[in-house]
>>> print(open('query-v3.cif').read())   # mmCIF, C-alpha atoms
data_upload
loop_
_atom_site.group_PDB
_atom_site.id
_atom_site.type_symbol
_atom_site.label_atom_id
_atom_site.label_comp_id
_atom_site.auth_asym_id
_atom_site.auth_seq_id
_atom_site.Cartn_x
_atom_site.Cartn_y
_atom_site.Cartn_z
ATOM 1 C CA MET A 1 -16.173 -10.974 159.613
ATOM 2 C CA THR A 2 -14.149 -7.836 158.861
ATOM 3 C CA GLU A 3 -15.106 -4.499 157.292
ATOM 4 C CA LYS A 4 -13.418 -2.951 154.240
ATOM 5 C CA HIS A 5 -10.573 -0.496 154.842
ATOM 6 C CA LEU A 6 -8.726 1.983 152.661
ATOM 7 C CA SER A 7 -5.752 -0.348 152.851
ATOM 8 C CA SER A 8 -6.452 -3.611 151.055
ATOM 9 C CA GLN A 9 -3.338 -4.996 152.718
ATOM 10 C CA PHE A 10 -4.842 -4.308 156.161
ATOM 11 C CA ASP A 11 -8.013 -6.091 155.068
ATOM 12 C CA SER A 12 -5.907 -9.035 153.979
ATOM 13 C CA GLU A 13 -4.090 -9.105 157.330
ATOM 14 C CA LEU A 14 -7.364 -9.047 159.276
ATOM 15 C CA ASN A 15 -8.879 -11.791 157.129
ATOM 16 C CA ASN A 16 -5.746 -13.895 157.520
ATOM 17 C CA ILE A 17 -5.709 -13.592 161.305
ATOM 18 C CA SER A 18 -9.434 -14.381 161.416
ATOM 19 C CA ALA A 19 -8.834 -17.525 159.370
ATOM 20 C CA ARG A 20 -5.973 -18.530 161.671
ATOM 21 C CA VAL A 21 -8.131 -18.168 164.781
ATOM 22 C CA MET A 22 -10.865 -20.272 163.157
ATOM 23 C CA GLU A 23 -8.248 -22.868 162.181
ATOM 24 C CA LEU A 24 -7.068 -23.005 165.794
ATOM 25 C CA GLY A 25 -10.666 -23.386 166.912
ATOM 26 C CA GLY A 26 -11.142 -26.327 164.558
ATOM 27 C CA LEU A 27 -7.986 -27.960 165.882
ATOM 28 C CA VAL A 28 -9.123 -27.582 169.491
ATOM 29 C CA GLU A 29 -12.565 -28.876 168.559
ATOM 30 C CA SER A 30 -10.956 -32.019 167.117
ATOM 31 C CA GLN A 31 -8.975 -32.369 170.344
ATOM 32 C CA ILE A 32 -12.138 -32.243 172.420
ATOM 33 C CA ARG A 33 -13.931 -34.720 170.130
ATOM 34 C CA GLN A 34 -11.027 -37.142 170.520
ATOM 35 C CA ALA A 35 -11.073 -36.663 174.301
ATOM 36 C CA VAL A 36 -14.809 -37.389 174.413
ATOM 37 C CA TYR A 37 -14.254 -40.500 172.276
ATOM 38 C CA ALA A 38 -11.422 -41.606 174.548
ATOM 39 C CA LEU A 39 -13.786 -41.274 177.504
ATOM 40 C CA SER A 40 -16.695 -43.082 175.870
ATOM 41 C CA GLN A 41 -14.573 -45.967 174.568
ATOM 42 C CA PHE A 42 -11.836 -45.945 177.236
ATOM 43 C CA SER A 43 -9.355 -45.699 174.373
ATOM 44 C CA VAL A 44 -5.688 -45.150 175.231
ATOM 45 C CA GLU A 45 -4.962 -44.554 171.543
ATOM 46 C CA ALA A 46 -7.522 -41.737 171.283
ATOM 47 C CA ALA A 47 -6.200 -40.203 174.503
ATOM 48 C CA SER A 48 -2.674 -40.241 173.077
ATOM 49 C CA GLN A 49 -3.878 -38.467 169.918
ATOM 50 C CA VAL A 50 -5.314 -35.678 172.065
ATOM 51 C CA GLU A 51 -1.923 -35.183 173.687
ATOM 52 C CA SER A 52 -0.144 -35.092 170.320
ATOM 53 C CA ILE A 53 -2.500 -32.377 168.997
ATOM 54 C CA GLU A 54 -1.627 -30.234 172.031
ATOM 55 C CA LEU A 55 1.806 -29.437 170.559
ATOM 56 C CA ARG A 56 0.213 -28.006 167.407
ATOM 57 C CA VAL A 57 -2.295 -25.975 169.431
ATOM 58 C CA ASN A 58 0.460 -24.393 171.522
ATOM 59 C CA MET A 59 2.518 -23.588 168.432
ATOM 60 C CA MET A 60 -0.453 -21.938 166.716
ATOM 61 C CA GLU A 61 -1.205 -19.809 169.772
ATOM 62 C CA VAL A 62 2.349 -18.433 169.738
ATOM 63 C CA GLU A 63 2.205 -17.774 165.985
ATOM 64 C CA ILE A 64 -1.147 -15.954 166.191
ATOM 65 C CA ASP A 65 0.039 -13.845 169.118
ATOM 66 C CA HIS A 66 3.117 -12.849 167.120
ATOM 67 C CA GLU A 67 0.986 -11.879 164.113
ATOM 68 C CA LEU A 68 -1.371 -9.841 166.307
ATOM 69 C CA SER A 69 1.519 -7.977 167.948
ATOM 70 C CA SER A 70 2.967 -7.209 164.536
ATOM 71 C CA ILE A 71 -0.334 -5.861 163.172
ATOM 72 C CA ILE A 72 -0.939 -3.677 166.227
ATOM 73 C CA ALA A 73 2.604 -2.255 166.094
ATOM 74 C CA ARG A 74 2.431 -1.470 162.373
ATOM 75 C CA ARG A 75 -1.202 -0.366 162.002
ATOM 76 C CA GLN A 76 -1.872 1.227 165.408
ATOM 77 C CA PRO A 77 -5.587 0.437 165.055
ATOM 78 C CA THR A 78 -8.332 2.308 166.887
ATOM 79 C CA ALA A 79 -12.019 1.850 167.732
ATOM 80 C CA ARG A 80 -13.594 -1.276 166.237
ATOM 81 C CA ASP A 81 -10.404 -2.504 164.586
ATOM 82 C CA LEU A 82 -8.641 -2.472 167.948
ATOM 83 C CA ARG A 83 -11.567 -4.287 169.575
ATOM 84 C CA LEU A 84 -11.393 -6.885 166.819
ATOM 85 C CA LEU A 85 -7.699 -7.562 167.381
ATOM 86 C CA ILE A 86 -8.186 -7.684 171.160
ATOM 87 C CA ALA A 87 -11.053 -10.133 170.649
ATOM 88 C CA PHE A 88 -8.830 -12.293 168.420
ATOM 89 C CA SER A 89 -6.141 -12.313 171.106
ATOM 90 C CA LYS A 90 -8.518 -13.263 173.903
ATOM 91 C CA ALA A 91 -10.292 -15.871 171.782
ATOM 92 C CA THR A 92 -6.926 -17.445 170.977
ATOM 93 C CA ALA A 93 -6.023 -17.609 174.674
ATOM 94 C CA ASN A 94 -9.363 -19.225 175.525
ATOM 95 C CA LEU A 95 -9.005 -21.754 172.726
ATOM 96 C CA GLU A 96 -5.522 -22.731 173.887
ATOM 97 C CA ARG A 97 -6.837 -23.236 177.406
ATOM 98 C CA MET A 98 -9.628 -25.439 176.068
ATOM 99 C CA GLY A 99 -6.919 -27.499 174.444
ATOM 100 C CA ASP A 100 -5.206 -27.756 177.819
ATOM 101 C CA GLU A 101 -8.435 -29.011 179.372
ATOM 102 C CA ALA A 102 -8.879 -31.594 176.600
ATOM 103 C CA THR A 103 -5.347 -32.805 177.304
ATOM 104 C CA LYS A 104 -6.183 -33.086 181.007
ATOM 105 C CA MET A 105 -9.215 -35.166 180.053
ATOM 106 C CA ALA A 106 -7.027 -37.496 177.987
ATOM 107 C CA ARG A 107 -4.561 -37.957 180.835
ATOM 108 C CA MET A 108 -7.355 -38.685 183.310
ATOM 109 C CA VAL A 109 -8.842 -41.265 180.928
ATOM 110 C CA LYS A 110 -5.452 -42.991 180.770
ATOM 111 C CA SER A 111 -5.182 -42.941 184.558
ATOM 112 C CA ILE A 112 -8.674 -44.428 184.962
ATOM 113 C CA ILE A 113 -7.898 -47.189 182.454
ATOM 114 C CA GLU A 114 -4.642 -48.014 184.243
ATOM 115 C CA SER A 115 -6.467 -48.201 187.585
ATOM 116 C CA GLY A 116 -8.683 -51.003 186.237
ATOM 117 C CA ALA A 117 -11.804 -49.288 187.591
ATOM 118 C CA ALA A 118 -13.025 -47.868 184.295
ATOM 119 C CA ARG A 119 -16.193 -49.950 183.926
ATOM 120 C CA SER A 120 -17.290 -49.761 187.561
ATOM 121 C CA LEU A 121 -17.689 -45.967 187.713
ATOM 122 C CA PRO A 122 -20.476 -43.717 186.313
ATOM 123 C CA SER A 123 -18.341 -42.404 183.458
ATOM 124 C CA SER A 124 -21.281 -42.594 181.045
ATOM 125 C CA ASP A 125 -22.890 -39.723 182.959
ATOM 126 C CA LEU A 126 -19.935 -37.549 181.989
ATOM 127 C CA ARG A 127 -20.479 -38.114 178.293
ATOM 128 C CA VAL A 128 -23.619 -35.954 178.357
ATOM 129 C CA ALA A 129 -21.683 -33.007 179.771
ATOM 130 C CA ALA A 130 -18.751 -33.700 177.433
ATOM 131 C CA ASP A 131 -21.024 -33.666 174.380
ATOM 132 C CA LEU A 132 -22.603 -30.425 175.624
ATOM 133 C CA ALA A 133 -19.172 -28.826 176.018
ATOM 134 C CA SER A 134 -18.035 -29.959 172.565
ATOM 135 C CA GLY A 135 -21.240 -28.644 171.004
ATOM 136 C CA LEU A 136 -20.896 -25.357 172.863
ATOM 137 C CA LEU A 137 -17.441 -24.751 171.403
ATOM 138 C CA ARG A 138 -18.744 -25.474 167.910
ATOM 139 C CA LYS A 139 -21.561 -22.963 168.397
ATOM 140 C CA ALA A 140 -19.167 -20.377 169.857
ATOM 141 C CA LEU A 141 -16.846 -20.619 166.853
ATOM 142 C CA ASP A 142 -19.762 -20.312 164.430
ATOM 143 C CA ALA A 143 -21.193 -17.321 166.317
ATOM 144 C CA PHE A 144 -17.746 -15.674 166.429
ATOM 145 C CA ALA A 145 -17.292 -16.083 162.677
ATOM 146 C CA ARG A 146 -20.729 -14.528 162.027
ATOM 147 C CA LEU A 147 -20.567 -11.998 164.918
ATOM 148 C CA ASP A 148 -23.985 -13.284 165.976
ATOM 149 C CA THR A 149 -24.910 -11.707 169.322
ATOM 150 C CA LYS A 150 -28.179 -13.647 169.635
ATOM 151 C CA ALA A 151 -26.287 -16.920 169.309
ATOM 152 C CA ALA A 152 -23.779 -15.595 171.858
ATOM 153 C CA VAL A 153 -26.538 -15.057 174.421
ATOM 154 C CA ALA A 154 -27.876 -18.576 173.773
ATOM 155 C CA ILE A 155 -24.373 -19.956 174.437
ATOM 156 C CA LEU A 156 -24.184 -18.094 177.752
ATOM 157 C CA LYS A 157 -27.454 -19.682 178.816
ATOM 158 C CA GLU A 158 -26.442 -23.160 177.640
ATOM 159 C CA ASP A 159 -23.270 -23.061 179.733
ATOM 160 C CA ASP A 160 -25.525 -23.231 182.796
ATOM 161 C CA LEU A 161 -26.610 -26.729 181.683
ATOM 162 C CA ILE A 162 -23.012 -27.939 181.818
ATOM 163 C CA ASP A 163 -22.649 -26.478 185.314
ATOM 164 C CA GLN A 164 -25.782 -28.344 186.402
ATOM 165 C CA GLU A 165 -24.465 -31.611 184.944
ATOM 166 C CA PHE A 166 -21.187 -31.082 186.815
ATOM 167 C CA ASP A 167 -22.912 -30.463 190.157
ATOM 168 C CA GLY A 168 -25.076 -33.562 189.766
ATOM 169 C CA PHE A 169 -22.097 -35.689 188.802
ATOM 170 C CA VAL A 170 -20.096 -34.565 191.829
ATOM 171 C CA ARG A 171 -22.933 -35.619 194.134
ATOM 172 C CA LYS A 172 -23.081 -39.037 192.466
ATOM 173 C CA LEU A 173 -19.307 -39.529 192.775
ATOM 174 C CA ILE A 174 -19.405 -38.704 196.476
ATOM 175 C CA THR A 175 -22.005 -41.446 196.917
ATOM 176 C CA TYR A 176 -19.795 -43.947 195.082
ATOM 177 C CA MET A 177 -16.777 -43.119 197.219
ATOM 178 C CA MET A 178 -18.770 -43.389 200.447
ATOM 179 C CA GLU A 179 -20.207 -46.772 199.462
ATOM 180 C CA ASP A 180 -16.908 -48.248 198.257
ATOM 181 C CA PRO A 181 -13.654 -46.594 199.392
ATOM 182 C CA ARG A 182 -11.762 -48.699 196.833
ATOM 183 C CA THR A 183 -13.172 -46.408 194.102
ATOM 184 C CA ILE A 184 -11.784 -43.222 195.670
ATOM 185 C CA SER A 185 -8.662 -42.967 193.503
ATOM 186 C CA ALA A 186 -10.464 -43.547 190.189
ATOM 187 C CA SER A 187 -13.378 -41.374 191.338
ATOM 188 C CA LEU A 188 -11.016 -38.483 191.919
ATOM 189 C CA ASP A 189 -9.703 -38.907 188.374
ATOM 190 C CA LEU A 190 -13.280 -38.711 187.127
ATOM 191 C CA LEU A 191 -13.843 -35.618 189.249
ATOM 192 C CA PHE A 192 -10.862 -33.851 187.665
ATOM 193 C CA LEU A 193 -12.109 -34.985 184.269
ATOM 194 C CA ALA A 194 -15.534 -33.516 184.985
ATOM 195 C CA LYS A 195 -13.932 -30.247 186.064
ATOM 196 C CA ALA A 196 -12.008 -30.095 182.778
ATOM 197 C CA ILE A 197 -15.283 -30.491 180.878
ATOM 198 C CA GLU A 198 -16.858 -27.711 182.913
ATOM 199 C CA ARG A 199 -13.892 -25.433 182.176
ATOM 200 C CA ILE A 200 -14.265 -26.035 178.427
ATOM 201 C CA GLY A 201 -17.822 -24.750 178.770
ATOM 202 C CA ASP A 202 -16.553 -21.717 180.691
ATOM 203 C CA HIS A 203 -14.034 -20.864 177.967
ATOM 204 C CA SER A 204 -16.729 -21.194 175.276
ATOM 205 C CA LYS A 205 -18.786 -18.779 177.355
ATOM 206 C CA ASN A 206 -15.821 -16.379 177.370
ATOM 207 C CA VAL A 207 -15.696 -16.497 173.563
ATOM 208 C CA ALA A 208 -19.421 -15.708 173.444
ATOM 209 C CA GLU A 209 -18.866 -12.697 175.696
ATOM 210 C CA LEU A 210 -16.147 -11.495 173.296
ATOM 211 C CA ILE A 211 -18.695 -11.439 170.467
ATOM 212 C CA ILE A 212 -20.864 -9.005 172.414
ATOM 213 C CA TYR A 213 -17.817 -6.901 173.279
ATOM 214 C CA LEU A 214 -16.771 -6.776 169.639
ATOM 215 C CA VAL A 215 -20.190 -5.936 168.195
ATOM 216 C CA LYS A 216 -21.515 -3.649 170.930
ATOM 217 C CA GLY A 217 -18.303 -2.384 172.501
ATOM 218 C CA LYS A 218 -19.573 -3.454 175.940
ATOM 219 C CA ASP A 219 -17.749 -5.697 178.387
ATOM 220 C CA VAL A 220 -20.382 -8.078 179.763
ATOM 221 C CA ARG A 221 -18.102 -10.214 181.908
ATOM 222 C CA HIS A 222 -19.332 -10.740 185.478
ATOM 223 C CA THR A 223 -22.772 -9.325 184.669
ATOM 224 C CA THR A 224 -26.234 -10.849 184.987
ATOM 225 C CA MET A 225 -28.133 -12.273 182.039
ATOM 226 C CA ASP A 226 -30.685 -9.445 182.324
ATOM 227 C CA GLU A 227 -27.877 -6.887 182.049
ATOM 228 C CA ILE A 228 -26.411 -8.691 179.036
ATOM 229 C CA GLU A 229 -29.732 -8.800 177.228
ATOM 230 C CA SER A 230 -30.280 -5.100 178.008
ATOM 231 C CA ALA A 231 -26.863 -4.317 176.489
ATOM 232 C CA LEU A 232 -28.038 -5.805 173.199
ATOM 233 C CA LEU A 233 -31.154 -3.620 172.888
#
>>> encode(input="query-v3.cif", output="structure tokens")
Amino acid sequence: MTEKHLSSQFDSELNNISARVMELGGLVESQIRQAVYALSQFSVEAASQVESIELRVNMMEVEIDHELSSIIARRQPTARDLRLLIAFSKATANLERMGDEATKMARMVKSIIESGAARSLPSSDLRVAADLASGLLRKALDAFARLDTKAAVAILKEDDLIDQEFDGFVRKLITYMMEDPRTISASLDLLFLAKAIERIGDHSKNVAELIIYLVKGKDVRHTTMDEIESALL
């Protein structure tokens, strides 16, 4: 991922921080996989494992932030090196927030199981969106490691599919609640769970935008897809 510098020690520091960010990404990915499994199997055990991983994710975020601050203070990087370190910092923050969303999913699964309404609600519809979100993170991490801007654009487009799944699911839940008010409490848990899945997709999208920023030096947040594709020409 990184270019060679006059200082081999600086190269080593950049490679180390890159490896740490990828390690954090793998940890968060495992969290999300466990959360999806907890949802599909209504497993309290899997949900509890998601919550236990959260402690490690938070610790790694703090450690990476400390390393980044130290590198910036000592090396005073400029141009692309500075963009790289900023991208690492923002990617780390987005990964930690994905971990938070996975933990929310786990807690909602537990709440749904405890309510006794698990099998009577359309939770299977959520698994499609959850699998999409998990896959999107995997693609974002791979694209970030390779600095692949074409893959980044594909990720931005795929996030729209998760948004569509979320909108359709919300409409279905409203129907359930109108037809049977007894499902309202568990339906609201599912709604929050669906929102957590959508947010994981949003954070993967943020990581994809960082790739374009790093490679092209252009901030493409809050821009249209046409503008993003033009920035890559």
>>> residues_around(input="query-v3.cif", residues="Arg20 in chain A", least_positions_apart="4", cutoff="8 Å", atoms="only C-alpha atoms", output="ChimeraX atom specification")
/A:16,24,64
>>> resolve_selection(input="query-v3.cif", expression="the PyMOL selection byres ((chain A and resi 75-92) around 9)", output="CSV table (one decimal) with C-alpha atoms, in the frame of the given file")
chain,number,residue,atom,x,y,z
A,2,THR,CA,-14.1,-7.8,158.9
A,3,GLU,CA,-15.1,-4.5,157.3
A,10,PHE,CA,-4.8,-4.3,156.2
A,14,LEU,CA,-7.4,-9.0,159.3
A,17,ILE,CA,-5.7,-13.6,161.3
A,18,SER,CA,-9.4,-14.4,161.4
A,21,VAL,CA,-8.1,-18.2,164.8
A,24,LEU,CA,-7.1,-23.0,165.8
A,25,GLY,CA,-10.7,-23.4,166.9
A,60,MET,CA,-0.5,-21.9,166.7
A,61,GLU,CA,-1.2,-19.8,169.8
A,64,ILE,CA,-1.1,-16.0,166.2
A,65,ASP,CA,0.0,-13.8,169.1
A,68,LEU,CA,-1.4,-9.8,166.3
A,70,SER,CA,3.0,-7.2,164.5
A,71,ILE,CA,-0.3,-5.9,163.2
A,72,ILE,CA,-0.9,-3.7,166.2
A,73,ALA,CA,2.6,-2.3,166.1
A,74,ARG,CA,2.4,-1.5,162.4
A,93,ALA,CA,-6.0,-17.6,174.7
A,94,ASN,CA,-9.4,-19.2,175.5
A,95,LEU,CA,-9.0,-21.8,172.7
A,96,GLU,CA,-5.5,-22.7,173.9
A,97,ARG,CA,-6.8,-23.2,177.4
A,203,HIS,CA,-14.0,-20.9,178.0
A,206,ASN,CA,-15.8,-16.4,177.4
A,207,VAL,CA,-15.7,-16.5,173.6
A,210,LEU,CA,-16.1,-11.5,173.3
A,211,ILE,CA,-18.7,-11.4,170.5
A,213,TYR,CA,-17.8,-6.9,173.3
A,214,LEU,CA,-16.8,-6.8,169.6
A,215,VAL,CA,-20.2,-5.9,168.2
A,217,GLY,CA,-18.3,-2.4,172.5
>>> resolve_selection(input="query-v3.cif", expression="the PyMOL selection byres ((chain A and resi 189) around 8)", output="count of residues only")
12
>>> atom_distance(input="query-v3.cif", atom1="CA of Gly116 in chain A", atom2="CA of Ala46 in chain A")
17.6 Å
>>> atom_distance(input="query-v3.cif", atom1="CA of Leu132 in chain A", atom2="CA of Val50 in chain A")
18.4 Å
>>> resolve_selection(input="query-v3.cif", expression="the PyMOL selection byres ((chain A and resi 137) around 8)", output="list in words")
Glu29, Ala133, Ser134, Gly135, Leu136, Arg138, Lys139, Ala140, Leu141, Ile200, Gly201 and Ser204 of chain A
>>> residues_around(input="query-v3.cif", residues="Glu54 in chain A", least_positions_apart="3", cutoff="8 Å", atoms="all atoms listed in the file", output="PyMOL selection string")
chain A and resi 31+50-51+57-58+99-100+103
>>> closest_residue(input="query-v3.cif", among="A:Ile53, A:Leu233, A:Ala19, A:Ala194", to="Arg127 in chain A", atoms="only C-alpha atoms")
A:Ala194
>>> closest_residue(input="query-v3.cif", among="A:Glu179, A:Glu209, A:Glu114, A:Asp125", to="Ile155 in chain A", atoms="all atoms listed in the file")
A:Glu209
>>> atom_distance(input="query-v3.cif", atom1="CA of Ile212 in chain A", atom2="CA of Lys195 in chain A")
26.2 Å
>>> residues_around(input="query-v3.cif", residues="Arg33 in chain A", least_positions_apart="3", cutoff="9 Å", atoms="only C-alpha atoms", output="JSON, numbers by chain")
{"A": [28, 29, 30, 36, 37, 38, 50, 102, 130, 131, 134]}
>>> decode(input="query-v3.cif", residues="range 19-45 of chain A", atoms="N, CA and C atoms", output="compact mmCIF listing (two decimals), in the first residue's frame")
# COMPACT_ATOMS: atom_id res chain seq x y z
N ALA A 19 -1.01 -2.45 8.53
CA ALA A 19 -1.34 -3.80 8.98
C ALA A 19 -2.30 -3.76 10.16
N ARG A 20 -2.11 -2.79 11.05
CA ARG A 20 -2.99 -2.67 12.22
C ARG A 20 -4.41 -2.30 11.81
N VAL A 21 -4.54 -1.40 10.85
CA VAL A 21 -5.87 -1.02 10.37
C VAL A 21 -6.57 -2.21 9.72
N MET A 22 -5.81 -2.99 8.93
CA MET A 22 -6.39 -4.18 8.30
C MET A 22 -6.79 -5.22 9.35
N GLU A 23 -5.97 -5.32 10.40
CA GLU A 23 -6.29 -6.25 11.50
C GLU A 23 -7.59 -5.84 12.19
N LEU A 24 -7.73 -4.53 12.41
CA LEU A 24 -8.97 -4.02 13.01
C LEU A 24 -10.14 -4.31 12.10
N GLY A 25 -9.95 -4.11 10.80
CA GLY A 25 -11.01 -4.40 9.85
C GLY A 25 -11.44 -5.86 9.89
N GLY A 26 -10.47 -6.76 10.00
CA GLY A 26 -10.79 -8.19 10.10
C GLY A 26 -11.56 -8.51 11.36
N LEU A 27 -11.20 -7.85 12.45
CA LEU A 27 -11.90 -8.06 13.73
C LEU A 27 -13.36 -7.59 13.63
N VAL A 28 -13.55 -6.42 13.04
CA VAL A 28 -14.91 -5.89 12.89
C VAL A 28 -15.71 -6.78 11.93
N GLU A 29 -15.05 -7.26 10.90
CA GLU A 29 -15.74 -8.16 9.96
C GLU A 29 -16.23 -9.42 10.68
N SER A 30 -15.40 -9.96 11.58
CA SER A 30 -15.82 -11.14 12.33
C SER A 30 -16.99 -10.81 13.26
N GLN A 31 -16.98 -9.60 13.79
CA GLN A 31 -18.09 -9.14 14.63
C GLN A 31 -19.40 -9.14 13.84
N ILE A 32 -19.32 -8.58 12.64
CA ILE A 32 -20.53 -8.48 11.81
C ILE A 32 -21.01 -9.87 11.40
N ARG A 33 -20.07 -10.76 11.04
CA ARG A 33 -20.45 -12.13 10.68
C ARG A 33 -21.18 -12.81 11.84
N GLN A 34 -20.66 -12.62 13.04
CA GLN A 34 -21.29 -13.21 14.23
C GLN A 34 -22.68 -12.61 14.46
N ALA A 35 -22.81 -11.31 14.22
CA ALA A 35 -24.10 -10.65 14.40
C ALA A 35 -25.12 -11.17 13.39
N VAL A 36 -24.67 -11.37 12.16
CA VAL A 36 -25.55 -11.92 11.12
C VAL A 36 -25.96 -13.34 11.49
N TYR A 37 -25.01 -14.13 12.00
CA TYR A 37 -25.33 -15.50 12.42
C TYR A 37 -26.31 -15.49 13.58
N ALA A 38 -26.09 -14.57 14.52
CA ALA A 38 -27.00 -14.47 15.66
C ALA A 38 -28.42 -14.17 15.19
N LEU A 39 -28.52 -13.31 14.18
CA LEU A 39 -29.84 -12.97 13.62
C LEU A 39 -30.46 -14.16 12.90
N SER A 40 -29.67 -14.84 12.09
CA SER A 40 -30.23 -15.94 11.29
C SER A 40 -30.62 -17.14 12.13
N GLN A 41 -29.89 -17.37 13.23
CA GLN A 41 -30.15 -18.53 14.08
C GLN A 41 -30.83 -18.18 15.40
N PHE A 42 -31.07 -16.89 15.62
CA PHE A 42 -31.58 -16.41 16.91
C PHE A 42 -30.77 -17.02 18.05
N SER A 43 -29.44 -16.78 17.95
CA SER A 43 -28.49 -17.37 18.90
C SER A 43 -28.04 -16.34 19.92
N VAL A 44 -28.38 -16.57 21.18
CA VAL A 44 -27.93 -15.69 22.26
C VAL A 44 -26.42 -15.80 22.43
N GLU A 45 -25.89 -17.00 22.25
CA GLU A 45 -24.45 -17.21 22.40
C GLU A 45 -23.66 -16.39 21.37
